[in-house]
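Trainee: Dropping in input21.cif, with mmCIF, C-alpha atoms.
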```
data_run
loop_
_atom_site.group_PDB
_atom_site.id
_atom_site.type_symbol
_atom_site.label_atom_id
_atom_site.label_comp_id
_atom_site.auth_asym_id
_atom_site.auth_seq_id
_atom_site.Cartn_x
_atom_site.Cartn_y
_atom_site.Cartn_z
ATOM 1 C CA MET I 14 -5.129 11.180 -28.589
ATOM 2 C CA SER I 15 -6.485 11.811 -25.096
ATOM 3 C CA ASP I 16 -8.810 9.271 -23.492
ATOM 4 C CA GLU I 17 -11.113 12.111 -22.456
ATOM 5 C CA LEU I 18 -11.776 12.983 -26.088
ATOM 6 C CA ASN I 19 -13.045 9.460 -26.680
ATOM 7 C CA GLY I 20 -15.271 9.547 -23.587
ATOM 8 C CA PHE I 21 -13.210 6.944 -21.726
ATOM 9 C CA ALA I 22 -11.708 8.998 -18.897
ATOM 10 C CA PRO I 23 -10.936 6.866 -15.851
ATOM 11 C CA PRO I 24 -13.072 7.587 -12.798
ATOM 12 C CA PRO I 25 -11.529 9.963 -10.277
ATOM 13 C CA PHE I 26 -9.410 8.286 -7.603
ATOM 14 C CA LYS I 27 -11.120 8.285 -4.208
ATOM 15 C CA PRO I 28 -8.543 7.403 -1.548
ATOM 16 C CA GLU I 29 -11.105 6.638 1.179
ATOM 17 C CA ASP I 30 -12.843 4.131 -1.094
ATOM 18 C CA ALA I 31 -9.542 2.631 -2.297
ATOM 19 C CA LEU I 32 -8.236 2.163 1.239
ATOM 20 C CA GLN I 33 -10.772 -0.532 2.190
ATOM 21 C CA PRO I 34 -9.914 -3.102 -0.529
ATOM 22 C CA LEU I 35 -6.214 -2.346 -0.018
ATOM 23 C CA LYS I 36 -6.508 -3.093 3.703
ATOM 24 C CA ARG I 37 -8.448 -6.283 2.933
ATOM 25 C CA ALA I 38 -5.698 -7.438 0.556
ATOM 26 C CA LEU I 39 -3.057 -6.728 3.212
ATOM 27 C CA ARG I 40 -4.960 -8.759 5.797
ATOM 28 C CA ASP I 41 -5.164 -11.582 3.229
ATOM 29 C CA LEU I 42 -1.354 -11.454 3.099
ATOM 30 C CA LYS I 43 -1.373 -12.259 6.853
ATOM 31 C CA LEU I 44 -0.448 -8.756 8.004
ATOM 32 C CA ALA I 45 -2.052 -7.679 11.281
ATOM 33 C CA GLU I 46 -3.793 -4.294 11.206
ATOM 34 C CA ARG I 47 -2.966 -1.976 14.127
ATOM 35 C CA GLY I 48 -4.385 1.546 13.846
ATOM 36 C CA ASN I 49 -3.118 3.068 10.593
ATOM 37 C CA GLY I 50 -0.397 0.453 10.203
ATOM 38 C CA PHE I 51 0.200 -3.222 9.569
ATOM 39 C CA GLU I 52 2.517 -5.568 11.429
ATOM 40 C CA LEU I 53 4.353 -8.755 10.599
ATOM 41 C CA ARG I 54 5.231 -10.907 13.621
ATOM 42 C CA GLY I 55 4.794 -7.927 15.958
ATOM 43 C CA LYS I 56 6.954 -5.538 13.934
ATOM 44 C CA ARG I 57 5.403 -2.610 12.070
ATOM 45 C CA VAL I 58 6.133 -2.944 8.351
ATOM 46 C CA LEU I 59 3.561 -0.654 6.696
ATOM 47 C CA GLU I 60 1.682 2.565 7.431
ATOM 48 C CA LEU I 61 -1.150 4.046 5.340
ATOM 49 C CA THR I 62 -2.663 7.523 5.643
ATOM 50 C CA VAL I 63 -5.011 9.526 3.445
ATOM 51 C CA GLU I 64 -3.491 12.865 2.448
ATOM 52 C CA GLY I 65 -5.808 14.917 0.284
ATOM 53 C CA ALA I 66 -6.626 13.003 -2.892
ATOM 54 C CA GLN I 67 -3.874 10.396 -2.335
ATOM 55 C CA ILE I 68 -2.831 7.596 -0.016
ATOM 56 C CA ALA I 69 0.589 8.040 1.565
ATOM 57 C CA ALA I 70 2.308 4.747 2.327
ATOM 58 C CA ARG I 71 5.458 3.961 4.243
ATOM 59 C CA ILE I 72 6.965 0.501 3.789
ATOM 60 C CA ALA I 73 9.746 -0.805 6.008
ATOM 61 C CA ARG I 74 12.926 -1.775 4.227
ATOM 62 C CA LYS I 75 13.024 -4.806 6.515
ATOM 63 C CA PRO I 76 11.058 -5.789 9.630
ATOM 64 C CA ALA I 77 12.450 -4.155 12.766
ATOM 65 C CA PHE I 78 11.139 -2.469 15.886
ATOM 66 C CA THR I 79 12.414 0.873 14.522
ATOM 67 C CA PRO I 80 12.532 0.332 10.746
ATOM 68 C CA GLU I 81 13.891 2.517 7.994
ATOM 69 C CA TRP I 82 11.013 3.554 5.728
ATOM 70 C CA ASP I 83 10.494 3.924 1.992
ATOM 71 C CA ARG I 84 7.685 6.295 0.997
ATOM 72 C CA TYR I 85 5.124 5.699 -1.725
ATOM 73 C CA THR I 86 2.237 7.817 -2.973
ATOM 74 C CA VAL I 87 -0.907 6.187 -4.328
ATOM 75 C CA GLY I 88 -2.944 8.503 -6.509
ATOM 76 C CA SER I 89 -4.581 6.055 -8.925
ATOM 77 C CA THR I 90 -5.681 2.456 -9.240
ATOM 78 C CA PRO I 91 -2.480 1.438 -11.106
ATOM 79 C CA ASP I 92 -0.421 3.012 -8.279
ATOM 80 C CA GLN I 93 -2.440 0.954 -5.818
ATOM 81 C CA ARG I 94 -1.625 -2.266 -7.710
ATOM 82 C CA LYS I 95 2.072 -1.304 -7.852
ATOM 83 C CA LEU I 96 2.101 -0.736 -4.081
ATOM 84 C CA LEU I 97 0.485 -4.113 -3.436
ATOM 85 C CA ASP I 98 2.995 -5.802 -5.776
ATOM 86 C CA GLU I 99 5.887 -4.118 -3.938
ATOM 87 C CA ILE I 100 4.535 -5.302 -0.582
ATOM 88 C CA LYS I 101 4.215 -8.864 -1.896
ATOM 89 C CA LYS I 102 7.830 -8.773 -3.158
ATOM 90 C CA ARG I 103 9.105 -7.552 0.197
ATOM 91 C CA LEU I 104 7.116 -10.141 2.124
ATOM 92 C CA ALA I 105 8.586 -12.886 -0.065
ATOM 93 C CA ARG I 106 12.100 -11.489 0.383
ATOM 94 C CA TRP I 107 11.696 -11.173 4.161
ATOM 95 C CA ASP I 108 10.395 -14.751 4.317
ATOM 96 C CA ARG I 109 13.477 -16.010 2.411
ATOM 97 C CA GLU I 110 15.834 -14.033 4.675
ATOM 98 C CA ASP I 111 14.385 -15.565 7.860
#
```
In structure tokens, write the structure found in this file.
Mentor:
Amino acid sequence: MSDELNGFAPPPFKPEDALQPLKRALRDLKLAERGNGFELRGKRVLELTVEGAQIAARIARKPAFTPEWDRYTVGSTPDQRKLLDEIKKRLARWDRED
């Protein structure tokens, strides 16, 4: 049965509003914000842009001055949590590799 029929539809996703807490969480992870991206030890590892009703994210496969990127689309609050979890995993992996 649909959630809308029960009156419990989730609120619409507002990417501009979701971007602020996401950026705050990234700064808490010790990433430095530079424009629309975030850096780790001077190397760009993440870029976020609002595209319509979604947030487009590019995450570096590993820190480098010219990284290879993986693309993610955030269109809901669960997607936002998944993106943050993925970033945390990569940061932990990069820390172990150093």
Trainee: Tell me, in Å to one decimal, how far CA of Glu81 (chain I) is from CA of Lys102 (chain I).
Mentor: 17.0 Å
Trainee: Find, counting only C-alpha atoms, the residue in I:Arg47, I:Arg94, I:Lys27, I:Arg109 that gets nearest to Glu64 (chain I).
Mentor: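 Of I:Arg47, I:Arg94, I:Lys27, I:Arg109, the one nearest Glu64 (chain I), counting only C-alpha atoms, is I:Lys27.
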Trainee: Run the PyMOL selection byres ((chain I and resi 49-60) around 9) mentally over the shown coordinates, then write out the matched residues as number ranges by chain, using the chain letters and numbers from the document.
Mentor: I: 36, 39-40, 43-48, 61-62, 69-80, 82, 100
Trainee: For the residues in the current selection, export C-alpha atoms as an mmCIF file, in the frame of the given file.
Mentor:
```cif
data_model
loop_
_atom_site.group_PDB
_atom_site.id
_atom_site.type_symbol
_atom_site.label_atom_id
_atom_site.label_comp_id
_atom_site.auth_asym_id
_atom_site.auth_seq_id
_atom_site.Cartn_x
_atom_site.Cartn_y
_atom_site.Cartn_z
ATOM 1 C CA LYS I 36 -6.508 -3.093 3.703
ATOM 2 C CA LEU I 39 -3.057 -6.728 3.212
ATOM 3 C CA ARG I 40 -4.960 -8.759 5.797
ATOM 4 C CA LYS I 43 -1.373 -12.259 6.853
ATOM 5 C CA LEU I 44 -0.448 -8.756 8.004
ATOM 6 C CA ALA I 45 -2.052 -7.679 11.281
ATOM 7 C CA GLU I 46 -3.793 -4.294 11.206
ATOM 8 C CA ARG I 47 -2.966 -1.976 14.127
ATOM 9 C CA GLY I 48 -4.385 1.546 13.846
ATOM 10 C CA LEU I 61 -1.150 4.046 5.340
ATOM 11 C CA THR I 62 -2.663 7.523 5.643
ATOM 12 C CA ALA I 69 0.589 8.040 1.565
ATOM 13 C CA ALA I 70 2.308 4.747 2.327
ATOM 14 C CA ARG I 71 5.458 3.961 4.243
ATOM 15 C CA ILE I 72 6.965 0.501 3.789
ATOM 16 C CA ALA I 73 9.746 -0.805 6.008
ATOM 17 C CA ARG I 74 12.926 -1.775 4.227
ATOM 18 C CA LYS I 75 13.024 -4.806 6.515
ATOM 19 C CA PRO I 76 11.058 -5.789 9.630
ATOM 20 C CA ALA I 77 12.450 -4.155 12.766
ATOM 21 C CA PHE I 78 11.139 -2.469 15.886
ATOM 22 C CA THR I 79 12.414 0.873 14.522
ATOM 23 C CA PRO I 80 12.532 0.332 10.746
ATOM 24 C CA TRP I 82 11.013 3.554 5.728
ATOM 25 C CA ILE I 100 4.535 -5.302 -0.582
#
```
Trainee: As AutoDock Vina command-line options, what would the box around region 28-33 of chain I look like: edges along x, y and z, 4 Å added on every side, centre and edge lengths in Å to one decimal?
Mentor:
```
--center_x -10.5 --center_y 3.4 --center_z -0.1 --size_x 12.6 --size_y 15.9 --size_z 12.5
```
Trainee: I need the residue nearest Val87 (chain I) from this list: I:Leu35, I:Leu42, I:Ile68, I:Ala22. Use all atoms listed in the file for the distance.
Mentor: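 Of I:Leu35, I:Leu42, I:Ile68, I:Ala22, the one nearest Val87 (chain I), counting all atoms listed in the file, is I:Ile68.
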Trainee: For a test of reading the model, state the distance in Å between CA of Pro24 (chain I) and CA of Lys95 (chain I), rounded to one decimal.
Mentor: 18.2 Å
Trainee: When you count all atoms listed in the file, which of these residues is closest to Leu32 (chain I): I:Glu110, I:Glu99, I:Asp83, I:Gly88?
Mentor: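 Of I:Glu110, I:Glu99, I:Asp83, I:Gly88, the one nearest Leu32 (chain I) is I:Gly88, counting all atoms listed in the file.
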Trainee: For the atom pair CA of Ala38 (chain I) and CA of Leu96 (chain I), what is the interatomic distance in Å to one decimal place?
Mentor: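 Distance between the two atoms: 11.3 Å.
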Trainee: From the set I:Ala105, I:Ser89, I:Asp41, I:Arg84, which residue has the shortest atom-to-atom contact distance to Pro28 (chain I), counting all atoms listed in the file?
Mentor: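 Under the stated criterion, the closest residue is I:Ser89.
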Trainee: Let me make sure I understand: among I:Gly20, I:Leu97, I:Asp108, I:Glu29, which one has the smallest atom-to-atom distance to Ala66 (chain I) if we use all atoms listed in the file?
Mentor: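 So, comparing all the options, the nearest one is I:Glu29.
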Trainee: Using all atoms listed in the file, pick whichever of I:Phe21, I:Asp111, I:Thr86, I:Gln93 has the shortest atom-to-atom distance to Gln33 (chain I).
Mentor: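 Once distances to Gln33 (chain I) are computed over all atoms listed in the file, the minimum belongs to I:Gln93.
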